>>> print(open('target11.cif').read())   # mmCIF, C-alpha atoms
data_target
#
loop_
_atom_site.label_atom_id
_atom_site.label_comp_id
_atom_site.auth_asym_id
_atom_site.auth_seq_id
_atom_site.Cartn_x
_atom_site.Cartn_y
_atom_site.Cartn_z
CA MET N 1 -18.40 -36.55 -3.03
CA THR N 2 -22.08 -35.59 -3.13
CA GLN N 3 -24.78 -34.30 -0.80
CA PRO N 4 -28.53 -33.82 -1.19
CA SER N 5 -29.10 -30.93 -3.55
CA GLN N 6 -31.49 -28.01 -3.52
CA ASP N 7 -32.10 -25.92 -6.61
CA LEU N 8 -31.86 -22.16 -6.21
CA ASP N 9 -34.65 -19.75 -7.08
CA SER N 10 -33.47 -18.01 -10.24
CA SER N 11 -34.86 -14.68 -8.95
CA LEU N 12 -32.36 -14.77 -6.03
CA PRO N 13 -34.44 -13.08 -3.31
CA ARG N 14 -32.65 -11.43 -0.38
CA ILE N 15 -30.56 -13.99 1.46
CA ILE N 16 -29.73 -12.40 4.83
CA GLY N 17 -32.62 -12.70 7.26
CA ARG N 18 -33.83 -10.21 9.85
CA THR N 19 -32.51 -12.10 12.86
CA ARG N 20 -29.98 -14.46 11.28
CA ARG N 21 -27.60 -14.05 8.41
CA LEU N 22 -28.41 -17.56 7.24
CA PRO N 23 -32.08 -18.48 7.80
CA SER N 24 -32.76 -22.22 7.65
CA GLN N 25 -33.68 -22.33 3.95
CA GLN N 26 -30.59 -20.38 2.93
CA ARG N 27 -28.44 -22.41 5.33
CA ALA N 28 -29.36 -25.48 3.26
CA VAL N 29 -27.90 -23.82 0.16
CA PHE N 30 -24.79 -22.77 2.08
CA ASP N 31 -24.30 -26.34 3.31
CA GLN N 32 -24.72 -27.57 -0.24
CA ILE N 33 -21.97 -25.26 -1.49
CA PHE N 34 -19.43 -26.06 1.24
CA HIS N 35 -20.57 -29.62 1.95
CA SER N 36 -20.99 -28.52 5.55
CA GLY N 37 -24.03 -30.55 6.52
CA GLY N 38 -23.53 -33.21 9.16
CA GLY N 39 -20.67 -31.32 10.80
CA TYR N 40 -18.25 -31.51 7.89
CA VAL N 41 -16.69 -28.78 5.72
CA LEU N 42 -15.30 -29.78 2.30
CA ASP N 43 -12.31 -32.10 2.74
CA PHE N 44 -11.10 -30.53 5.98
CA SER N 45 -10.14 -32.38 9.11
CA ASP N 46 -10.18 -30.38 12.34
CA ARG N 47 -6.43 -29.84 11.97
CA THR N 48 -6.42 -28.82 8.30
CA MET N 49 -9.41 -26.50 8.77
CA ALA N 50 -7.65 -24.76 11.66
CA GLU N 51 -4.49 -24.46 9.55
CA TRP N 52 -6.38 -23.11 6.51
CA PHE N 53 -8.03 -20.30 8.49
CA GLU N 54 -4.83 -19.43 10.33
CA GLU N 55 -2.62 -19.46 7.23
CA ASN N 56 -5.03 -17.54 4.99
CA PHE N 57 -6.63 -15.10 7.46
CA ASP N 58 -4.80 -15.41 10.79
CA ILE N 59 -8.09 -16.56 12.34
CA GLN N 60 -8.34 -19.07 15.16
CA ILE N 61 -11.50 -20.63 13.79
CA PHE N 62 -12.21 -23.07 16.63
CA GLN N 63 -12.63 -20.35 19.23
CA GLU N 64 -15.62 -20.36 21.53
CA ARG N 65 -17.29 -17.28 20.05
CA PHE N 66 -17.77 -19.08 16.75
CA GLN N 67 -19.17 -22.23 18.34
CA VAL N 68 -22.57 -20.86 19.27
CA GLU N 69 -24.29 -23.84 17.62
CA GLY N 70 -21.71 -26.51 18.40
CA ALA N 71 -18.06 -27.48 18.03
CA SER N 72 -18.16 -29.48 14.78
CA LYS N 73 -16.49 -28.08 11.69
CA GLY N 74 -19.80 -27.31 9.96
CA LYS N 75 -21.35 -25.65 13.01
CA THR N 76 -18.19 -23.69 13.72
CA LEU N 77 -18.18 -22.37 10.15
CA SER N 78 -21.84 -21.36 10.35
CA GLY N 79 -21.17 -19.70 13.72
CA PHE N 80 -18.33 -17.73 12.16
CA VAL N 81 -20.69 -16.61 9.39
CA GLU N 82 -23.23 -15.45 11.98
CA VAL N 83 -21.01 -13.49 14.38
CA ALA N 84 -17.82 -12.33 12.62
CA GLU N 85 -17.48 -8.91 10.97
CA PRO N 86 -19.56 -9.18 7.78
CA ARG N 87 -16.82 -7.92 5.43
CA LEU N 88 -14.42 -10.47 6.90
CA VAL N 89 -16.98 -13.24 6.39
CA ALA N 90 -17.41 -12.16 2.76
CA GLN N 91 -13.64 -12.26 2.19
CA VAL N 92 -13.31 -15.70 3.77
CA LEU N 93 -16.22 -17.19 1.82
CA ARG N 94 -14.82 -15.98 -1.51
CA VAL N 95 -11.46 -17.62 -0.81
CA LEU N 96 -13.19 -20.73 0.55
CA TRP N 97 -15.20 -20.92 -2.68
CA ALA N 98 -11.98 -20.81 -4.71
CA TYR N 99 -10.56 -23.60 -2.53
CA ARG N 100 -13.73 -25.65 -3.05
CA CYS N 101 -13.46 -25.23 -6.81
CA SER N 102 -9.87 -26.50 -6.73
CA LEU N 103 -10.91 -29.83 -5.21
CA ASP N 104 -11.98 -32.94 -7.04
CA GLY N 105 -15.54 -34.04 -6.37
CA TYR N 106 -16.95 -30.84 -4.85
CA VAL N 107 -17.99 -28.88 -7.94
CA ASP N 108 -21.51 -29.83 -9.03
CA ALA N 109 -21.58 -31.89 -12.20
CA ASP N 110 -24.56 -29.89 -13.47
CA ALA N 111 -22.93 -26.75 -14.92
CA ALA N 112 -26.16 -24.71 -14.75
CA LYS N 113 -26.66 -25.61 -11.11
CA GLU N 114 -23.03 -24.81 -10.31
CA GLU N 115 -23.53 -21.39 -11.89
CA ARG N 116 -26.60 -20.80 -9.71
CA LEU N 117 -24.62 -21.74 -6.61
CA LYS N 118 -21.91 -19.27 -7.63
CA ALA N 119 -24.51 -16.53 -8.19
CA TRP N 120 -26.01 -17.27 -4.76
CA LEU N 121 -22.62 -16.92 -3.08
CA GLU N 122 -21.84 -13.72 -4.95
CA GLN N 123 -25.12 -12.22 -3.78
CA PHE N 124 -24.61 -13.40 -0.21
CA THR N 125 -21.10 -11.95 0.03
CA SER N 126 -22.33 -8.66 -1.47
CA GLU N 127 -25.14 -8.51 1.09
CA LEU N 128 -22.64 -9.20 3.87
CA GLU N 129 -20.43 -6.33 2.75
CA ASN N 130 -23.41 -3.98 2.66
CA ALA N 131 -24.43 -5.14 6.15
CA SER N 132 -21.11 -4.16 7.71
CA SER N 133 -21.37 -1.63 10.53
CA LEU N 134 -17.84 -0.34 9.95
CA ASN N 135 -18.17 3.31 8.98
CA LEU N 136 -14.90 3.38 7.05
CA ASP N 137 -15.82 5.33 3.93
CA ASP N 138 -17.52 8.11 5.88
CA ALA N 139 -14.71 8.37 8.43
CA PHE N 140 -11.53 7.97 6.38
CA LYS N 141 -10.94 10.19 3.36
CA ASP N 142 -8.18 10.77 0.80
CA PHE N 143 -8.13 14.42 1.81
CA SER N 144 -4.74 15.41 0.36
CA ARG N 145 -2.10 14.42 -2.16
CA ASP N 146 -0.02 12.80 0.58
CA THR N 147 1.11 9.59 -1.15
CA THR N 148 1.15 7.67 2.13
CA LEU N 149 -2.54 8.34 2.79
CA PRO N 150 -4.12 5.65 0.55
CA LYS N 151 -1.76 3.04 1.99
CA LEU N 152 -2.54 4.20 5.52
CA ARG N 153 -6.28 3.99 4.91
CA ALA N 154 -5.96 0.57 3.29
CA SER N 155 -3.90 -0.74 6.19
CA ILE N 156 -6.41 0.52 8.76
CA ALA N 157 -9.33 -0.95 6.82
CA ALA N 158 -7.62 -4.33 6.49
CA ASP N 159 -7.04 -4.62 10.23
CA LEU N 160 -10.51 -3.39 11.21
CA VAL N 161 -12.21 -5.77 8.79
CA ALA N 162 -10.00 -8.56 10.15
CA GLU N 163 -11.24 -7.70 13.68
CA LYS N 164 -7.83 -6.48 14.86
CA PRO N 165 -8.61 -3.03 16.31
CA ASP N 166 -5.74 -3.38 18.78
CA VAL N 167 -3.32 -3.66 15.86
CA ALA N 168 -4.95 -0.78 13.95
CA LEU N 169 -4.87 1.63 16.90
CA ASP N 170 -1.49 3.18 16.10
CA ARG N 171 -2.38 3.88 12.45
CA VAL N 172 -5.82 5.26 13.35
CA HIS N 173 -3.95 7.71 15.58
CA THR N 174 -1.61 8.58 12.68
CA TYR N 175 -4.57 9.21 10.37
CA CYS N 176 -6.24 11.49 12.93
CA VAL N 177 -3.05 13.53 13.37
CA LYS N 178 -2.76 13.92 9.59
CA ARG N 179 -6.44 14.83 9.18
CA PHE N 180 -6.62 17.47 11.90
CA ARG N 181 -3.29 18.98 10.87
CA ASP N 182 -4.67 19.31 7.34
CA LEU N 183 -7.92 20.87 8.59
CA LEU N 184 -5.98 23.42 10.62
CA ALA N 185 -3.63 24.12 7.70
CA SER N 186 -6.66 24.90 5.54
CA ARG N 187 -7.44 27.58 8.14
CA ASN N 188 -3.84 28.88 8.05
CA GLN N 189 -3.11 27.51 11.52
CA ALA N 190 0.30 25.89 11.94
CA VAL N 191 0.79 23.00 14.37
CA GLY N 192 4.12 22.07 15.95
CA ALA N 193 5.64 18.76 14.95
CA LYS N 194 5.47 17.42 18.51
CA THR N 195 1.97 18.66 19.34
CA PRO N 196 -0.09 15.70 20.66
CA LEU N 197 -3.32 14.62 19.02
CA ASP N 198 -5.65 15.91 21.73
CA ALA N 199 -4.07 19.38 21.54
CA ILE N 200 -4.36 19.37 17.74
CA PHE N 201 -8.03 18.45 18.02
CA GLY N 202 -8.49 21.10 20.71
CA ALA N 203 -7.19 23.75 18.32
CA TYR N 204 -9.51 22.44 15.62
CA GLY N 205 -12.49 22.46 18.00
CA LYS N 206 -11.80 26.08 18.91
CA ALA N 207 -11.63 26.95 15.22
CA LEU N 208 -15.07 25.39 14.72
CA ARG N 209 -16.41 27.35 17.68
CA ASP N 210 -14.97 30.63 16.44
CA GLU N 211 -16.36 30.04 12.95
CA GLY N 212 -19.80 29.26 14.33
CA ALA N 213 -19.63 25.98 12.43
CA VAL N 214 -21.48 24.09 15.17
CA SER N 215 -24.42 25.03 17.33
CA GLU N 216 -24.37 25.47 21.08
CA PHE N 217 -25.98 22.03 21.28
CA ALA N 218 -23.07 20.35 19.47
CA LEU N 219 -20.29 22.10 21.40
CA PRO N 220 -20.62 19.76 24.41
CA THR N 221 -20.21 16.85 21.99
CA LEU N 222 -16.97 18.36 20.71
CA ARG N 223 -15.72 18.66 24.28
CA VAL N 224 -16.40 14.95 24.78
CA GLN N 225 -14.56 14.23 21.55
CA HIS N 226 -11.57 16.18 22.88
CA LYS N 227 -11.42 13.67 25.75
CA LEU N 228 -11.83 10.83 23.26
CA PHE N 229 -8.78 11.92 21.27
CA ASN N 230 -6.83 12.31 24.48
CA SER N 231 -7.72 8.67 25.28
CA LEU N 232 -6.66 7.61 21.78
CA ASN N 233 -3.38 9.44 22.24
CA GLN N 234 -2.74 7.71 25.58
CA ALA N 235 -3.72 4.30 24.23
CA ARG N 236 -1.46 4.79 21.21
CA ASN N 237 1.53 5.72 23.39
CA LYS N 238 1.07 3.11 26.10
CA ARG N 239 -0.93 0.19 24.62
CA SER N 240 -0.23 -0.03 20.88
CA PHE N 241 2.51 -1.07 18.46
CA ALA N 242 3.79 2.51 18.45
CA HIS N 243 6.21 1.35 21.16
CA ASP N 244 7.18 -1.88 22.87
CA ASN N 245 3.82 -2.13 24.64
CA GLU N 246 1.35 -4.76 25.71
CA LEU N 247 -1.59 -4.27 23.35
CA LEU N 248 -4.92 -2.98 24.59
CA GLU N 249 -7.66 -5.56 25.07
CA VAL N 250 -9.47 -6.12 21.77
CA SER N 251 -12.86 -5.11 23.17
CA GLU N 252 -11.44 -1.87 24.59
CA ALA N 253 -9.56 -1.06 21.39
CA GLN N 254 -12.72 -1.70 19.39
CA PHE N 255 -14.72 0.64 21.65
CA ILE N 256 -12.19 3.45 21.22
CA ILE N 257 -12.05 3.00 17.46
CA ASP N 258 -15.85 2.80 17.15
CA CYS N 259 -16.04 6.17 18.92
CA VAL N 260 -13.27 7.62 16.76
CA LEU N 261 -14.99 6.47 13.56
CA ALA N 262 -18.23 8.12 14.63
CA SER N 263 -16.34 11.30 15.53
CA LEU N 264 -14.47 11.42 12.22
CA ALA N 265 -17.69 10.91 10.28
CA PHE N 266 -19.25 13.79 12.25
CA ILE N 267 -16.25 16.00 11.46
CA GLU N 268 -16.50 15.19 7.75
CA ARG N 269 -20.17 16.22 7.77
CA ILE N 270 -19.24 19.50 9.45
CA GLU N 271 -16.54 20.15 6.86
CA ALA N 272 -18.92 19.33 4.02
CA SER N 273 -21.34 21.98 5.26
CA ARG N 274 -18.77 24.73 5.91
CA GLN N 275 -19.92 26.71 2.90
CA THR N 276 -23.16 27.54 4.73
CA PRO N 277 -22.20 27.80 8.41
CA PRO N 278 -24.77 28.71 11.08
CA ALA N 279 -24.73 32.04 12.90
CA ALA N 280 -21.74 32.70 15.17
CA LEU N 281 -22.02 31.64 18.80
CA ASP N 282 -21.56 33.73 21.91
CA ASP N 283 -17.81 34.26 22.41
CA GLU N 284 -18.20 33.50 26.09
CA ILE N 285 -18.99 29.85 25.42
CA PRO N 286 -15.72 28.02 26.23
CA PHE N 287 -14.62 25.09 24.11
#
>>> encode(input="target11.cif", output="structure tokens")
Amino acid sequence: MTQPSQDLDSSLPRIIGRTRRLPSQQRAVFDQIFHSGGGYVLDFSDRTMAEWFEENFDIQIFQERFQVEGASKGKTLSGFVEVAEPRLVAQVLRVLWAYRCSLDGYVDADAAKEERLKAWLEQFTSELENASSLNLDDAFKDFSRDTTLPKLRASIAADLVAEKPDVALDRVHTYCVKRFRDLLASRNQAVGAKTPLDAIFGAYGKALRDEGAVSEFALPTLRVQHKLFNSLNQARNKRSFAHDNELLEVSEAQFIIDCVLASLAFIERIEASRQTPPAALDDEIPF
């Protein structure tokens, strides 16, 4: 099975555009790789394409949010590339490439051209990963020798990349409890086993205040974060897999987790600068 071809520039300039991930010229190369021009994608029917995405990634590919350009298979795939989490898109395209290469009639007969197509896809998926807005590496750290921590971080990352913040909520809560307990332990402050997350963070915030680790301008932000971790605690208890609950709406779970990621990244920056803390604040400033 063949389609009109387009040779790639050997210099491989940046693929992702300023307003679209696949500008028209690069879209032509993408369509060449996945035979997705004219509404088709490889050898898929509507049914087999839906099954492939569900079985490999638990994605309902023919959902409205991916059909911004139209409902055909090719336009749905390009819509997914445009709007889904970039790291997820990169993962899907790598597996889709492997599927393409397993089929008869879809690998280009010109070996040099096939190699250029592969290099293009490798660059595109790398650019997608770098374009991700998920602040995972700054927010989640292997901060102790706890052997469960790497698995916990990996599980959280997998669900967030897969756009399942509602599923990740319980484990994000677990990570936060572990992290703030560890930060308090490093200050010789013990925390009871049943102390809720917001109270643990409250104790940590007071420690930062007493150390003068944040300025008077950042203290109000910490107070807001105290409310954030209270909300995370409530959502975990009442709307997550921690118990037999109805899950939180995806958009709401994503909002909470986005705020938590930003807060954790802020905390890590504070901890990194603890060796040179600012002058102590007025003791009368309440946390």
>>> residues_around(input="target11.cif", residues="Gln225 (chain N)", least_positions_apart="4", cutoff="12 Å", atoms="only C-alpha atoms", output="PDB file with C-alpha atoms, in the coordinates of the input")
ATOM      1  CA  LEU N 197      -3.320  14.620  19.020  1.00  0.00           C
ATOM      2  CA  ASP N 198      -5.650  15.910  21.730  1.00  0.00           C
ATOM      3  CA  ALA N 199      -4.070  19.380  21.540  1.00  0.00           C
ATOM      4  CA  PHE N 201      -8.030  18.450  18.020  1.00  0.00           C
ATOM      5  CA  GLY N 202      -8.490  21.100  20.710  1.00  0.00           C
ATOM      6  CA  TYR N 204      -9.510  22.440  15.620  1.00  0.00           C
ATOM      7  CA  GLY N 205     -12.490  22.460  18.000  1.00  0.00           C
ATOM      8  CA  ALA N 218     -23.070  20.350  19.470  1.00  0.00           C
ATOM      9  CA  LEU N 219     -20.290  22.100  21.400  1.00  0.00           C
ATOM     10  CA  PRO N 220     -20.620  19.760  24.410  1.00  0.00           C
ATOM     11  CA  THR N 221     -20.210  16.850  21.990  1.00  0.00           C
ATOM     12  CA  PHE N 229      -8.780  11.920  21.270  1.00  0.00           C
ATOM     13  CA  ASN N 230      -6.830  12.310  24.480  1.00  0.00           C
ATOM     14  CA  SER N 231      -7.720   8.670  25.280  1.00  0.00           C
ATOM     15  CA  LEU N 232      -6.660   7.610  21.780  1.00  0.00           C
ATOM     16  CA  ILE N 256     -12.190   3.450  21.220  1.00  0.00           C
ATOM     17  CA  CYS N 259     -16.040   6.170  18.920  1.00  0.00           C
ATOM     18  CA  VAL N 260     -13.270   7.620  16.760  1.00  0.00           C
ATOM     19  CA  LEU N 261     -14.990   6.470  13.560  1.00  0.00           C
ATOM     20  CA  ALA N 262     -18.230   8.120  14.630  1.00  0.00           C
ATOM     21  CA  SER N 263     -16.340  11.300  15.530  1.00  0.00           C
ATOM     22  CA  LEU N 264     -14.470  11.420  12.220  1.00  0.00           C
ATOM     23  CA  PHE N 266     -19.250  13.790  12.250  1.00  0.00           C
ATOM     24  CA  ILE N 267     -16.250  16.000  11.460  1.00  0.00           C
ATOM     25  CA  PHE N 287     -14.620  25.090  24.110  1.00  0.00           C
TER      26      PHE N 287
END
>>> atom_distance(input="target11.cif", atom1="CA of Ala139 (chain N)", atom2="CA of Asp210 (chain N)")
23.7 Å
>>> residues_around(input="target11.cif", residues="region 153-157 of chain N", least_positions_apart="2", cutoff="7 Å", atoms="only C-alpha atoms", output="ChimeraX atom specification")
/N:140,149-151,159-161,168,171-172
>>> closest_residue(input="target11.cif", among="N:Arg27, N:Lys73, N:Arg269, N:Arg145", to="Asp43 (chain N)", atoms="all atoms listed in the file")
N:Lys73
>>> resolve_selection(input="target11.cif", expression="the PyMOL selection byres ((chain N and resi 127) around 10)", output="PDB file with C-alpha atoms, keeping the file's coordinate frame")
ATOM      1  CA  ARG N  14     -32.650 -11.430  -0.380  1.00  0.00           C
ATOM      2  CA  ILE N  15     -30.560 -13.990   1.460  1.00  0.00           C
ATOM      3  CA  ILE N  16     -29.730 -12.400   4.830  1.00  0.00           C
ATOM      4  CA  ARG N  21     -27.600 -14.050   8.410  1.00  0.00           C
ATOM      5  CA  PRO N  86     -19.560  -9.180   7.780  1.00  0.00           C
ATOM      6  CA  ARG N  87     -16.820  -7.920   5.430  1.00  0.00           C
ATOM      7  CA  ALA N  90     -17.410 -12.160   2.760  1.00  0.00           C
ATOM      8  CA  LEU N 121     -22.620 -16.920  -3.080  1.00  0.00           C
ATOM      9  CA  GLU N 122     -21.840 -13.720  -4.950  1.00  0.00           C
ATOM     10  CA  GLN N 123     -25.120 -12.220  -3.780  1.00  0.00           C
ATOM     11  CA  PHE N 124     -24.610 -13.400  -0.210  1.00  0.00           C
ATOM     12  CA  THR N 125     -21.100 -11.950   0.030  1.00  0.00           C
ATOM     13  CA  SER N 126     -22.330  -8.660  -1.470  1.00  0.00           C
ATOM     14  CA  LEU N 128     -22.640  -9.200   3.870  1.00  0.00           C
ATOM     15  CA  GLU N 129     -20.430  -6.330   2.750  1.00  0.00           C
ATOM     16  CA  ASN N 130     -23.410  -3.980   2.660  1.00  0.00           C
ATOM     17  CA  ALA N 131     -24.430  -5.140   6.150  1.00  0.00           C
ATOM     18  CA  SER N 132     -21.110  -4.160   7.710  1.00  0.00           C
TER      19      SER N 132
END
>>> closest_residue(input="target11.cif", among="N:Ala185, N:Cys101, N:Val214, N:Leu88", to="Phe34 (chain N)", atoms="all atoms listed in the file")
N:Cys101
>>> residues_around(input="target11.cif", residues="Val107 (chain N)", least_positions_apart="2", cutoff="12 Å", atoms="all atoms listed in the file", output="ChimeraX atom specification")
/N:1-3,32-35,42,97-105,109-118
>>> atom_distance(input="target11.cif", atom1="CA of Phe241 (chain N)", atom2="CA of Asp170 (chain N)")
6.3 Å
>>> closest_residue(input="target11.cif", among="N:Arg20, N:His226, N:Arg65, N:Arg236", to="Thr174 (chain N)", atoms="all atoms listed in the file")
N:Arg236
>>> resolve_selection(input="target11.cif", expression="the PyMOL selection byres ((chain N and resi 248-253) around 6)", output="compact mmCIF listing (two decimals) with C-alpha atoms, keeping the file's coordinate frame")
# COMPACT_ATOMS: atom_id res chain seq x y z
CA PRO N 165 -8.61 -3.03 16.31
CA ASP N 166 -5.74 -3.38 18.78
CA ARG N 239 -0.93 0.19 24.62
CA LEU N 247 -1.59 -4.27 23.35
CA GLN N 254 -12.72 -1.70 19.39
CA PHE N 255 -14.72 0.64 21.65
CA ILE N 256 -12.19 3.45 21.22
>>> residues_around(input="target11.cif", residues="Ile59 (chain N)", least_positions_apart="4", cutoff="12 Å", atoms="only C-alpha atoms", output="short mmCIF file (atom, residue, chain, number, x, y, z; two decimals) with C-alpha atoms, keeping the file's coordinate frame")
data_model
loop_
_atom_site.label_atom_id
_atom_site.label_comp_id
_atom_site.auth_asym_id
_atom_site.auth_seq_id
_atom_site.Cartn_x
_atom_site.Cartn_y
_atom_site.Cartn_z
CA MET N 49 -9.41 -26.50 8.77
CA ALA N 50 -7.65 -24.76 11.66
CA GLU N 51 -4.49 -24.46 9.55
CA TRP N 52 -6.38 -23.11 6.51
CA PHE N 53 -8.03 -20.30 8.49
CA GLU N 54 -4.83 -19.43 10.33
CA GLU N 55 -2.62 -19.46 7.23
CA GLN N 63 -12.63 -20.35 19.23
CA PHE N 66 -17.77 -19.08 16.75
CA LEU N 77 -18.18 -22.37 10.15
CA PHE N 80 -18.33 -17.73 12.16
CA ALA N 84 -17.82 -12.33 12.62
CA LEU N 88 -14.42 -10.47 6.90
CA VAL N 89 -16.98 -13.24 6.39
CA VAL N 92 -13.31 -15.70 3.77
CA ALA N 162 -10.00 -8.56 10.15
CA GLU N 163 -11.24 -7.70 13.68
CA LYS N 164 -7.83 -6.48 14.86
#
>>> closest_residue(input="target11.cif", among="N:Asp146, N:Arg209, N:His173, N:Lys194", to="Asn237 (chain N)", atoms="only C-alpha atoms")
N:His173
>>> atom_distance(input="target11.cif", atom1="CA of Gln91 (chain N)", atom2="CA of Ser133 (chain N)")
15.6 Å
>>> closest_residue(input="target11.cif", among="N:Ser215, N:Thr48, N:Asn233, N:Gln67", to="Pro196 (chain N)", atoms="all atoms listed in the file")
N:Asn233
>>> decode(input="target11.cif", residues="region 217-243 of chain N", atoms="C-alpha atoms", output="tab-separated table (two decimals), in the first residue's frame")
chain	number	residue	atom	x	y	z
N	217	PHE	CA	5.50	38.11	50.97
N	218	ALA	CA	5.52	34.31	50.58
N	219	LEU	CA	3.78	33.52	53.87
N	220	PRO	CA	0.31	34.30	52.46
N	221	THR	CA	1.07	31.84	49.66
N	222	LEU	CA	1.87	29.15	52.22
N	223	ARG	CA	-1.45	29.83	53.93
N	224	VAL	CA	-3.22	29.28	50.61
N	225	GLN	CA	-1.27	26.07	50.16
N	226	HIS	CA	-2.47	24.92	53.59
N	227	LYS	CA	-6.03	25.18	52.24
N	228	LEU	CA	-4.94	23.38	49.08
N	229	PHE	CA	-3.65	20.38	51.02
N	230	ASN	CA	-6.83	20.35	53.07
N	231	SER	CA	-8.76	20.14	49.78
N	232	LEU	CA	-6.49	17.33	48.59
N	233	ASN	CA	-7.08	15.49	51.86
N	234	GLN	CA	-10.86	15.84	51.52
N	235	ALA	CA	-10.83	14.82	47.86
N	236	ARG	CA	-8.67	11.80	48.67
N	237	ASN	CA	-11.04	10.65	51.45
N	238	LYS	CA	-14.32	11.31	49.67
N	239	ARG	CA	-13.68	11.23	45.89
N	240	SER	CA	-10.74	8.91	45.17
N	241	PHE	CA	-9.88	5.21	45.09
N	242	ALA	CA	-8.75	5.45	48.72
N	243	HIS	CA	-12.27	4.26	49.58
